[in-house]
Structure formats: C-alpha cells, structure tokens
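J.: Contents are mmCIF, C-alpha atoms and all ligand atoms; file name structure.cif:
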```cif
data_coords
#
loop_
_atom_site.label_atom_id
_atom_site.label_comp_id
_atom_site.auth_asym_id
_atom_site.auth_seq_id
_atom_site.Cartn_x
_atom_site.Cartn_y
_atom_site.Cartn_z
CA MET A 108 101.33 119.60 79.85
CA LEU A 109 97.82 120.04 81.24
CA SER A 110 96.07 123.18 80.12
CA TYR A 111 92.51 122.52 81.28
CA ARG A 112 91.47 124.61 84.30
CA HIS A 113 88.05 123.97 85.74
CA SER A 114 87.88 127.55 87.02
CA PHE A 115 86.77 128.64 83.53
CA HIS A 116 83.76 126.35 83.66
CA ALA A 117 82.81 126.04 87.33
CA GLY A 118 79.08 126.23 87.97
CA ASN A 119 78.04 125.77 84.33
CA HIS A 120 75.11 123.57 83.28
CA ALA A 121 77.37 120.50 83.21
CA ASP A 122 78.49 121.11 86.81
CA VAL A 123 74.85 121.54 87.85
CA LEU A 124 74.00 118.12 86.40
CA LYS A 125 77.15 116.43 87.75
CA HIS A 126 76.86 117.84 91.26
CA THR A 127 73.12 117.17 91.45
CA VAL A 128 73.75 113.50 90.67
CA GLU A 129 76.71 113.41 93.08
CA SER A 130 74.61 114.87 95.90
CA LEU A 131 71.76 112.41 95.32
CA ILE A 132 74.12 109.43 95.36
CA LEU A 133 75.84 110.64 98.54
CA THR A 134 72.47 111.26 100.18
CA ALA A 135 71.38 107.72 99.27
CA LEU A 136 74.60 106.22 100.66
CA MET A 137 74.02 108.08 103.92
CA GLU A 138 70.67 106.38 104.39
CA LYS A 139 72.63 103.49 105.89
CA GLU A 140 74.64 104.06 109.04
CA LYS A 141 77.72 102.26 107.80
CA PRO A 142 80.46 104.69 106.69
CA PHE A 143 81.72 104.83 103.12
CA LEU A 144 84.48 106.19 100.90
CA TYR A 145 84.14 109.07 98.46
CA LEU A 146 86.90 108.71 95.86
CA ASP A 147 87.32 111.64 93.46
CA THR A 148 89.84 110.75 90.75
CA HIS A 149 89.95 114.20 89.09
CA ALA A 150 89.09 116.50 91.95
CA GLY A 151 90.03 119.97 90.65
CA ALA A 152 90.81 122.90 92.95
CA GLY A 153 87.80 122.40 95.23
CA ARG A 154 86.58 126.00 95.40
CA TYR A 155 86.10 128.42 92.52
CA LEU A 156 85.90 132.19 92.75
CA LEU A 157 83.11 133.22 90.39
CA SER A 158 84.19 136.86 90.35
CA GLY A 159 87.71 135.75 89.41
CA GLU A 160 89.25 136.39 86.02
CA HIS A 161 88.66 132.86 84.72
CA ALA A 162 84.97 132.51 85.56
CA GLU A 163 84.26 136.11 84.57
CA ARG A 164 85.89 135.58 81.20
CA THR A 165 83.48 132.81 80.15
CA GLY A 166 80.48 133.72 82.33
CA GLU A 167 79.38 130.06 82.07
CA TYR A 168 78.10 129.96 85.65
CA LEU A 169 75.54 132.64 84.80
CA GLU A 170 73.79 130.10 82.58
CA GLY A 171 74.25 127.32 85.12
CA ILE A 172 74.09 127.68 88.88
CA GLY A 173 73.25 131.39 88.44
CA ARG A 174 69.91 130.39 86.91
CA ILE A 175 68.74 128.07 89.65
CA TRP A 176 70.24 128.78 93.04
CA GLN A 177 67.67 131.35 94.11
CA GLN A 178 64.56 130.04 92.39
CA PRO A 179 61.49 130.10 94.64
CA ASP A 180 60.18 126.71 93.44
CA VAL A 181 63.33 124.60 93.90
CA PRO A 182 62.44 120.88 94.04
CA GLU A 183 63.12 119.14 97.35
CA LEU A 184 65.59 116.78 95.64
CA LEU A 185 67.92 119.67 94.76
CA LYS A 186 68.22 120.81 98.36
CA PRO A 187 71.34 118.82 99.35
CA TYR A 188 73.24 120.25 96.35
CA LEU A 189 71.97 123.79 96.76
CA SER A 190 72.66 123.71 100.51
CA ALA A 191 76.32 123.05 99.69
CA VAL A 192 76.29 126.05 97.34
CA ARG A 193 74.57 128.27 99.93
CA ASN A 194 76.97 127.13 102.63
CA LEU A 195 79.81 128.78 100.66
CA ASN A 196 77.68 131.87 99.94
CA PRO A 197 75.89 132.69 103.18
CA HIS A 198 75.34 136.37 102.32
CA GLY A 199 73.10 135.86 99.32
CA THR A 200 75.67 136.76 96.65
CA LEU A 201 77.07 134.02 94.48
CA LYS A 202 80.79 134.44 95.08
CA TYR A 203 82.16 130.89 95.27
CA TYR A 204 81.18 127.66 93.58
CA PRO A 205 81.88 124.35 95.35
CA GLY A 206 83.53 121.71 93.18
CA SER A 207 82.79 118.02 93.65
CA PRO A 208 85.10 117.59 96.72
CA LEU A 209 83.41 120.50 98.52
CA ILE A 210 79.94 119.12 97.78
CA ALA A 211 81.12 115.88 99.41
CA ARG A 212 82.77 117.70 102.30
CA PHE A 213 79.52 119.49 103.07
CA LEU A 214 77.36 116.37 102.89
CA LEU A 215 79.53 113.62 104.37
CA ARG A 216 79.47 112.54 108.01
CA GLU A 217 82.30 112.47 110.51
CA GLU A 218 82.94 108.75 109.96
CA ASP A 219 83.03 108.83 106.13
CA LYS A 220 86.32 109.15 104.23
CA MET A 221 87.47 111.10 101.19
CA GLU A 222 90.31 110.29 98.79
CA LEU A 223 90.93 113.20 96.42
CA THR A 224 93.40 113.21 93.54
CA GLU A 225 94.44 116.08 91.30
CA LEU A 226 97.33 116.26 88.86
CA HIS A 227 97.59 119.94 87.93
CA SER A 228 100.45 121.84 89.55
CA SER A 229 98.27 124.90 90.23
CA ASP A 230 95.05 123.20 91.32
CA TYR A 231 96.60 120.53 93.55
CA PRO A 232 98.00 122.99 96.17
CA LEU A 233 94.65 124.81 96.30
CA LEU A 234 92.87 121.52 96.94
CA ARG A 235 95.39 120.46 99.58
CA THR A 236 95.03 123.77 101.44
CA GLU A 237 91.25 123.58 101.23
CA PHE A 238 91.29 120.21 103.02
CA SER A 239 94.26 120.74 105.36
CA LYS A 240 92.05 120.74 108.46
CA ASP A 241 89.68 117.95 107.44
CA SER A 242 90.76 114.67 109.01
CA ARG A 243 88.34 112.71 106.80
CA ALA A 244 90.23 113.63 103.63
CA ARG A 245 93.44 112.49 102.01
CA VAL A 246 94.62 114.64 99.11
CA ALA A 247 97.13 113.28 96.61
CA ARG A 248 98.88 114.70 93.59
CA GLY A 249 98.89 112.07 90.90
CA ASP A 250 97.07 110.27 88.14
CA GLY A 251 93.45 109.70 89.08
CA TYR A 252 93.14 106.55 86.99
CA GLN A 253 95.85 104.89 89.10
CA GLN A 254 93.74 105.45 92.20
CA LEU A 255 91.12 103.11 90.80
CA LYS A 256 93.65 100.37 91.33
CA ALA A 257 95.42 101.71 94.41
CA LYS A 258 92.47 102.77 96.58
CA LEU A 259 89.90 100.07 95.84
CA PRO A 260 88.23 98.28 97.44
CA PRO A 261 87.76 100.56 100.43
CA LEU A 262 87.94 99.07 103.91
CA SER A 263 84.30 100.00 104.44
CA ARG A 264 83.29 98.10 101.28
CA ARG A 265 80.91 100.96 100.44
CA GLY A 266 81.56 104.00 98.32
CA LEU A 267 81.08 106.45 95.47
CA ILE A 268 83.82 106.82 92.90
CA LEU A 269 83.52 110.00 90.83
CA ILE A 270 85.50 110.01 87.59
CA ASP A 271 85.53 113.47 86.03
CA PRO A 272 88.44 113.95 83.60
CA PRO A 273 88.76 117.01 81.36
CA TYR A 274 88.72 114.96 78.10
CA GLU A 275 91.56 117.19 77.01
CA LEU A 276 93.28 114.10 75.65
CA LYS A 277 91.40 111.92 73.17
CA SER A 278 92.69 108.93 75.13
CA ASP A 279 90.44 109.93 78.07
CA TYR A 280 87.46 108.36 76.25
CA GLN A 281 89.20 104.97 76.39
CA ASP A 282 91.00 105.51 79.69
CA VAL A 283 87.75 106.06 81.58
CA VAL A 284 86.45 102.68 80.40
CA LYS A 285 89.72 100.92 81.28
CA GLY A 286 89.76 102.69 84.64
CA ILE A 287 86.19 101.67 85.42
CA GLN A 288 87.02 98.07 84.49
CA GLU A 289 90.00 98.09 86.85
CA GLY A 290 87.99 99.66 89.63
CA HIS A 291 85.00 97.38 89.15
CA LYS A 292 87.22 94.30 89.19
CA ARG A 293 88.34 95.30 92.70
CA PHE A 294 85.08 96.75 93.96
CA ALA A 295 82.12 95.34 92.05
CA THR A 296 79.53 96.69 94.50
CA GLY A 297 80.78 100.29 94.42
CA VAL A 298 78.83 103.13 92.84
CA PHE A 299 80.88 104.51 89.93
CA ALA A 300 79.81 107.85 88.43
CA LEU A 301 81.45 108.99 85.21
CA TRP A 302 80.92 112.48 83.80
CA TYR A 303 81.12 113.09 80.04
CA PRO A 304 80.75 116.08 77.70
CA VAL A 305 78.97 115.82 74.37
CA VAL A 306 81.22 117.62 71.91
CA MET A 307 81.13 115.00 69.20
CA ARG A 308 78.26 112.56 69.65
CA GLN A 309 80.19 109.77 67.95
CA GLN A 310 82.81 109.76 70.73
CA ILE A 311 80.13 109.20 73.36
CA LYS A 312 78.49 106.46 71.33
CA HIS A 313 81.84 104.67 71.14
CA MET A 314 82.51 105.12 74.83
CA VAL A 315 79.08 103.75 75.76
CA LYS A 316 79.57 100.79 73.42
CA ASP A 317 82.96 100.07 75.00
CA LEU A 318 81.38 100.20 78.46
CA GLN A 319 78.59 97.87 77.40
CA ALA A 320 81.21 95.46 76.08
CA THR A 321 82.85 95.17 79.52
CA ASN A 322 79.93 93.02 80.79
CA ILE A 323 79.54 95.28 83.81
CA ARG A 324 75.86 95.21 84.82
CA ASN A 325 73.41 97.85 86.02
CA ILE A 326 74.39 101.03 84.20
CA LEU A 327 72.27 104.19 84.08
CA GLN A 328 72.87 107.08 81.67
CA ILE A 329 71.62 110.56 82.49
CA GLU A 330 71.96 113.40 80.00
CA LEU A 331 71.06 117.06 79.76
CA ALA A 332 71.56 118.96 76.49
CA VAL A 333 71.30 122.70 76.14
CA ARG A 334 71.50 122.58 72.34
CA PRO A 335 71.00 119.90 69.69
CA ASP A 336 74.04 117.79 68.74
CA SER A 337 76.28 119.71 66.37
CA ASP A 338 79.46 119.40 64.30
CA GLN A 339 80.58 122.84 65.45
CA ARG A 340 83.06 123.38 68.29
CA GLY A 341 81.80 123.38 71.84
CA MET A 342 79.86 121.27 74.32
CA THR A 343 76.16 120.92 73.56
CA ALA A 344 75.30 118.50 76.37
CA SER A 345 76.76 116.57 79.25
CA GLY A 346 75.93 113.38 81.01
CA MET A 347 76.57 111.07 83.90
CA ILE A 348 76.97 107.33 83.56
CA VAL A 349 76.29 105.61 86.86
CA ILE A 350 77.17 102.00 87.61
CA ASN A 351 75.23 100.44 90.50
CA PRO A 352 73.06 103.54 90.90
CA PRO A 353 71.05 103.84 94.14
CA TRP A 354 67.64 102.36 93.35
CA LYS A 355 65.85 105.72 93.58
CA LEU A 356 68.22 107.66 91.31
CA LYS A 357 66.42 106.96 88.02
CA ALA A 358 63.06 108.17 89.35
CA GLN A 359 64.71 111.14 91.09
CA MET A 360 66.36 112.32 87.89
CA GLU A 361 63.18 111.75 85.88
CA GLU A 362 61.48 114.07 88.34
CA LEU A 363 64.27 116.69 88.36
CA LEU A 364 65.35 116.93 84.73
CA PRO A 365 62.24 118.66 83.35
CA TRP A 366 62.63 121.39 86.00
CA LEU A 367 66.38 121.70 85.47
CA HIS A 368 66.01 121.81 81.69
CA GLN A 369 63.32 124.46 81.87
CA LYS A 370 65.38 126.70 84.16
CA LEU A 371 68.78 126.13 82.56
CA VAL A 372 67.54 126.34 78.97
CA PRO A 373 64.74 128.90 78.84
CA ALA A 374 64.85 128.74 75.03
CA GLY A 375 63.74 125.10 75.28
CA THR A 376 66.47 123.76 72.96
CA GLY A 377 68.30 120.50 73.61
CA HIS A 378 66.89 117.48 75.42
CA PHE A 379 67.16 115.37 78.56
CA SER A 380 67.01 111.65 79.18
CA VAL A 381 67.48 108.94 81.79
CA THR A 382 68.15 105.51 80.33
CA GLN A 383 69.08 102.17 81.84
CA ILE A 384 71.69 101.22 79.23
CA VAL A 385 72.65 97.90 80.88
CA PRO A 386 70.14 96.05 83.08
CA GLU A 387 70.90 94.68 86.56
N1 LIG A 401 85.67 117.06 89.68
C1 LIG A 401 85.83 118.51 89.71
C2 LIG A 401 84.53 119.15 90.11
O1 LIG A 401 83.46 118.64 89.75
O2 LIG A 401 84.59 120.16 90.80
C3 LIG A 401 86.28 119.06 88.38
C4 LIG A 401 87.37 118.34 87.73
S1 LIG A 401 87.88 118.95 86.18
C5 LIG A 401 86.59 118.56 85.11
C6 LIG A 401 89.12 117.82 85.74
C7 LIG A 401 90.37 117.93 86.59
O3 LIG A 401 91.21 116.81 86.32
C8 LIG A 401 91.22 119.14 86.30
O4 LIG A 401 91.41 119.87 87.48
C9 LIG A 401 92.57 118.58 85.79
O5 LIG A 401 93.69 119.32 86.22
C10 LIG A 401 92.56 117.21 86.41
N2 LIG A 401 93.35 116.17 85.74
C11 LIG A 401 93.67 116.02 84.43
N3 LIG A 401 94.27 114.84 84.20
C12 LIG A 401 94.32 114.20 85.40
C13 LIG A 401 94.78 112.93 85.82
N4 LIG A 401 95.32 112.06 84.96
N5 LIG A 401 94.65 112.59 87.12
C14 LIG A 401 94.10 113.45 88.01
N6 LIG A 401 93.64 114.67 87.68
C15 LIG A 401 93.74 115.04 86.39
#
```
Please express what this file holds, its structure, as structure tokens.
T.:
Amino acid sequence: MLSYRHSFHAGNHADVLKHTVESLILTALMEKEKPFLYLDTHAGAGRYLLSGEHAERTGEYLEGIGRIWQQPDVPELLKPYLSAVRNLNPHGTLKYYPGSPLIARFLLREEDKMELTELHSSDYPLLRTEFSKDSRARVARGDGYQQLKAKLPPLSRRGLILIDPPYELKSDYQDVVKGIQEGHKRFATGVFALWYPVVMRQQIKHMVKDLQATNIRNILQIELAVRPDSDQRGMTASGMIVINPPWKLKAQMEELLPWLHQKLVPAGTGHFSVTQIVPE
C-alpha cells in the first residue's frame, strides 16, 4: 500500500533543486536537433494545487518555489524552470506547481517523446488526464523500475531518465542502484538523473558507495542542504546524482547553488556542493 503523496511536498526546496537540474539537462539535450526521450519512472500526478488541502497543510512550497519565483535578480540559468512555473500561473499568483512531467512538457519540442510511469491509484488517473491530449506522451500505470528494462534504449538513442522514488520503502535505496544498472546496461550513453533525500546520511553514503561499485563512469553529485545533517526525523537536504551529465552542468550548478542557497535558506544553515564522484 503506497501512502506517499507528492502533493504534500510539491514545490519545496527539494523540488526546486530537482526541477532546476531537470530543466538544465533538457535544455542541454535540446541544443542538438536530434529528438530524444524523456523517461520519468516515478512521475507523480503532474500538477499540484498549492492552495489545496495537502500543500496548505505542510506549507513546504512557501519555503521552496515561493521564495524564488518572483525574485528580481533571478539568474539566467533558472529561466527555463521558472518559465514552466509561470506558464501554469500566468496571473501572478502561485496557484499550481508543475511536477517533473509538466516541466518536461513545457520544455520539450514537438518531435521529442515522453514515457511517464506512476503506480499510485489516485495520482495515475490525474497524470493520464493531464496528458490525454499530448501526442508526445505515453502514460503507464506500473512499476517505474521495470521501465528501465522495458523502455530502454530509446529508438532515438538519446534521452534523460529521471528516477524519483518516494523512498517510502527502505528497499528503494538499493532498487535505484539496481534499476540504474539495468538501464545503463541497455543505454550506456543516456543521461540518468536520480533524486535522493538526506534523512539519514548513512543511507546516502551506502547508496553512493553501491553506485560507485557498479563501475558506471562519469557520475556527478549535486546537493543542497537547508539544515546540517541530523539524527532527528525529517529531510535536511536533497540531492541529484547525474550519470553522463551534459558537460556544462557542473559549472552551471556551481554558479546557481550559491544564489539558490541564499534565497531558499535565508538563515544560512546547511550547505551545497557539486562533486564529480566518478570520473569520465
Ligand atoms: N517526479 C515527480 C515530480 O518531480 O513531480 C514526483 C514523484 S514523487 C517523489 C514519487 C512518486 O512515485 C509518487 O507519486 C508515488 O506514488 C510513485 N511511486 C511509488 N512507487 C512507485 C513505483 N514502484 N513505480 C512508479 N511510481 C511509484
């Protein structure tokens, strides 16, 4: 039984980091004319109502997207992401937050393709309805990890694979590594982007070690913490692990993270980093 609903967390600091990285990778892939596949293994509902009961209850978006979307000094590199947010909120009030599939829908071209998978019985129909008129997208209800075997390699031989599980099950920390191995075996030149929360630092250390032991090359780790690591409950940081990152991504995130950290964490706690954890 799945209990995680992304609607409680949509637009928080972790989404800001994840969707910034997603938008930069998609923008880089679009620098070449050749079409590509966007595969989202854990796609969520697509669109989140920020004035809805779930988002209102936690108010997480107020300390995430709410802190940056109308800043006057927004860096150029954030524009693709923030344009997707503004596209859903054309009247200047932050009503909806676009999840990862809607960021892709806004940025992708006519010839690109989307494969979106969601397992939850409430979120899947919302996602399917959201994309019912988009001929670029195929929406499936199922296990996202299976798609790493079933949908790869793409015909276009180019693509971004976003892996964004809820880590509700402890096994997710191992399943993501197995899934990436399966996917990489089939599509070694693909860009794989894995999101992770830092709740217990030790779990992330293990996961990174397991990834390093796969012998997959060229892995970048990007992290943004709003508080120092802690033994208490709750997420203190989140990160993205990117395999085969576009060559500019490291420098782009080094430029963006100081600004993002300053705006998202006015108290100045936490940290940020961009580290090549496995060389090319
Ligand atoms: N990627 C979305 C975004 O950025 O907007 C958010 C996804 S949310 C963190 C994780 C989603 O994975 C939830 O909607 C949950 O229902 C779904 N989920 C959980 N286990 C899954 C599985 N095995 N396969 C596919 N989806 C799953």
J.: Counting only C-alpha atoms, what is within 9 Å of Val306 in chain A, bar same-chain residues fewer than 3 positions away, as number ranges by chain?
T.: A: 309-311, 336-345
J.: In terms of the shortest atom-to-atom distance over all atoms listed in the file, which of A:Lys141, A:His378, A:Arg293, A:Lys370 is closest to Pro179 in chain A?
T.: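 Of all the options, A:Lys370 lies closest to Pro179 in chain A.
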J.: Quick check, in Å to one decimal: how far apart do CA of Val192 in chain A and CA of Ala121 in chain A lie?
T.: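 One can read the CA of Val192 in chain A to CA of Ala121 in chain A distance as 15.2 Å.
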J.: Please determine, counting all atoms listed in the file, which residue among A:Thr148, A:Ser207, A:Thr382, A:Ser130 has the shortest atom-to-atom distance to Leu255 in chain A.
T.: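 Among the listed residues, A:Thr148 lies closest to Leu255 in chain A.
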J.: List every residue of chain A that has an atom at most 7 Å from any atom of ligand LIG 401 (chain A), giving for each one its closest atom pair and the distance in Å to one decimal, counting all atoms listed in the file, sorted by chain and then by ascending residue number, as a tab-separated table.
T.:
```
residue	atom	partner	partner_atom	distance
A:Leu109	CA	A:LIG401	O5	6.5
A:Tyr111	CA	A:LIG401	C9	6.0
A:Arg112	CA	A:LIG401	O4	5.7
A:His113	CA	A:LIG401	S1	5.0
A:Asp122	CA	A:LIG401	O1	6.3
A:Lys125	CA	A:LIG401	O1	7.0
A:His126	CA	A:LIG401	O1	6.8
A:Asp147	CA	A:LIG401	N1	6.8
A:Thr148	CA	A:LIG401	C14	5.7
A:His149	CA	A:LIG401	N6	4.0
A:Ala150	CA	A:LIG401	N1	4.1
A:Gly151	CA	A:LIG401	O4	3.5
A:Ala152	CA	A:LIG401	O4	6.3
A:Gly153	CA	A:LIG401	O2	5.9
A:Pro205	CA	A:LIG401	O2	6.8
A:Gly206	CA	A:LIG401	O2	3.0
A:Ser207	CA	A:LIG401	O2	4.0
A:Pro208	CA	A:LIG401	O2	6.5
A:Thr224	CA	A:LIG401	C14	5.6
A:Glu225	CA	A:LIG401	N6	4.0
A:Leu226	CA	A:LIG401	N6	4.2
A:His227	CA	A:LIG401	O5	4.3
A:Asp230	CA	A:LIG401	O4	6.3
A:Gly249	CA	A:LIG401	N5	5.7
A:Asp250	CA	A:LIG401	N5	3.5
A:Gly251	CA	A:LIG401	N5	3.7
A:Tyr252	CA	A:LIG401	N5	6.2
A:Asp271	CA	A:LIG401	N1	5.1
A:Pro272	CA	A:LIG401	C6	4.5
A:Pro273	CA	A:LIG401	C6	4.5
```
J.: Do you know which residues are at most 12 Å from Asn196 in chain A counting only C-alpha atoms, after dropping those on the same chain fewer than 4 positions away, and could you put them as a list of chain:residue names?
T.: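 That gives A:Arg154, A:Tyr155, A:Leu156, A:Leu157, A:Trp176, A:Gln177, A:Leu189, A:Ser190, A:Ala191, A:Val192, A:Thr200, A:Leu201, A:Lys202, A:Tyr203, A:Tyr204, A:Pro205.
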J.: Rebuild all heavy atoms on range 246-257 of chain A, as a CSV table (one decimal), in the frame of the given file?
T.:
```csv
chain,number,residue,atom,x,y,z
A,246,VAL,N,94.5,114.0,100.4
A,246,VAL,CA,94.6,114.6,99.1
A,246,VAL,C,95.9,114.2,98.5
A,246,VAL,O,97.0,114.3,99.1
A,246,VAL,CB,94.6,116.2,99.3
A,246,VAL,CG1,94.7,116.9,97.9
A,246,VAL,CG2,93.3,116.6,100.0
A,247,ALA,N,95.9,113.7,97.3
A,247,ALA,CA,97.1,113.3,96.6
A,247,ALA,C,97.3,114.0,95.3
A,247,ALA,O,96.3,114.3,94.6
A,247,ALA,CB,97.0,111.8,96.4
A,248,ARG,N,98.6,114.2,94.9
A,248,ARG,CA,98.9,114.7,93.6
A,248,ARG,C,99.3,113.5,92.8
A,248,ARG,O,100.2,112.8,93.1
A,248,ARG,CB,100.0,115.7,93.6
A,248,ARG,CG,100.3,116.2,92.2
A,248,ARG,CD,101.0,117.4,92.1
A,248,ARG,NE,101.1,117.8,90.6
A,248,ARG,CZ,102.1,118.4,90.1
A,248,ARG,NH1,103.1,118.8,90.8
A,248,ARG,NH2,102.1,118.7,88.8
A,249,GLY,N,98.5,113.2,91.7
A,249,GLY,CA,98.9,112.1,90.9
A,249,GLY,C,97.9,111.8,89.8
A,249,GLY,O,97.0,112.7,89.5
A,250,ASP,N,98.0,110.6,89.2
A,250,ASP,CA,97.1,110.3,88.1
A,250,ASP,C,95.8,109.6,88.7
A,250,ASP,O,95.9,108.5,89.4
A,250,ASP,CB,97.8,109.3,87.2
A,250,ASP,CG,96.9,108.8,86.1
A,250,ASP,OD1,95.9,109.4,85.9
A,250,ASP,OD2,97.3,107.8,85.5
A,251,GLY,N,94.7,110.2,88.5
A,251,GLY,CA,93.4,109.7,89.1
A,251,GLY,C,93.1,108.3,88.7
A,251,GLY,O,92.6,107.5,89.5
A,252,TYR,N,93.5,107.9,87.4
A,252,TYR,CA,93.1,106.6,87.0
A,252,TYR,C,93.9,105.5,87.8
A,252,TYR,O,93.3,104.4,88.1
A,252,TYR,CB,93.5,106.4,85.5
A,252,TYR,CG,92.7,107.3,84.6
A,252,TYR,CD1,93.3,108.2,83.8
A,252,TYR,CD2,91.3,107.1,84.5
A,252,TYR,CE1,92.6,109.0,82.9
A,252,TYR,CE2,90.6,108.0,83.7
A,252,TYR,CZ,91.2,108.9,82.9
A,252,TYR,OH,90.5,109.7,82.0
A,253,GLN,N,95.1,105.8,88.3
A,253,GLN,CA,95.8,104.9,89.1
A,253,GLN,C,95.1,104.6,90.4
A,253,GLN,O,95.3,103.5,91.0
A,253,GLN,CB,97.3,105.5,89.4
A,253,GLN,CG,98.2,105.5,88.2
A,253,GLN,CD,98.4,104.1,87.6
A,253,GLN,OE1,98.4,103.1,88.3
A,253,GLN,NE2,98.4,104.0,86.3
A,254,GLN,N,94.4,105.6,90.9
A,254,GLN,CA,93.7,105.4,92.2
A,254,GLN,C,92.6,104.4,92.1
A,254,GLN,O,92.3,103.8,93.2
A,254,GLN,CB,93.1,106.8,92.7
A,254,GLN,CG,94.1,107.9,92.7
A,254,GLN,CD,95.2,107.7,93.8
A,254,GLN,OE1,95.9,106.7,93.8
A,254,GLN,NE2,95.3,108.7,94.7
A,255,LEU,N,92.2,104.1,90.9
A,255,LEU,CA,91.1,103.1,90.8
A,255,LEU,C,91.7,101.7,91.1
A,255,LEU,O,91.0,100.8,91.4
A,255,LEU,CB,90.5,103.2,89.4
A,255,LEU,CG,89.8,104.5,89.1
A,255,LEU,CD1,89.5,104.7,87.6
A,255,LEU,CD2,88.5,104.5,89.9
A,256,LYS,N,93.0,101.6,90.9
A,256,LYS,CA,93.6,100.4,91.3
A,256,LYS,C,94.1,100.5,92.8
A,256,LYS,O,94.0,99.5,93.6
A,256,LYS,CB,94.9,100.1,90.4
A,256,LYS,CG,94.6,99.9,89.0
A,256,LYS,CD,95.8,99.5,88.3
A,256,LYS,CE,95.8,99.9,86.8
A,256,LYS,NZ,97.0,99.9,86.1
A,257,ALA,N,94.7,101.6,93.1
A,257,ALA,CA,95.4,101.7,94.4
A,257,ALA,C,94.5,101.8,95.6
A,257,ALA,O,94.8,101.3,96.7
A,257,ALA,CB,96.4,102.9,94.4
```
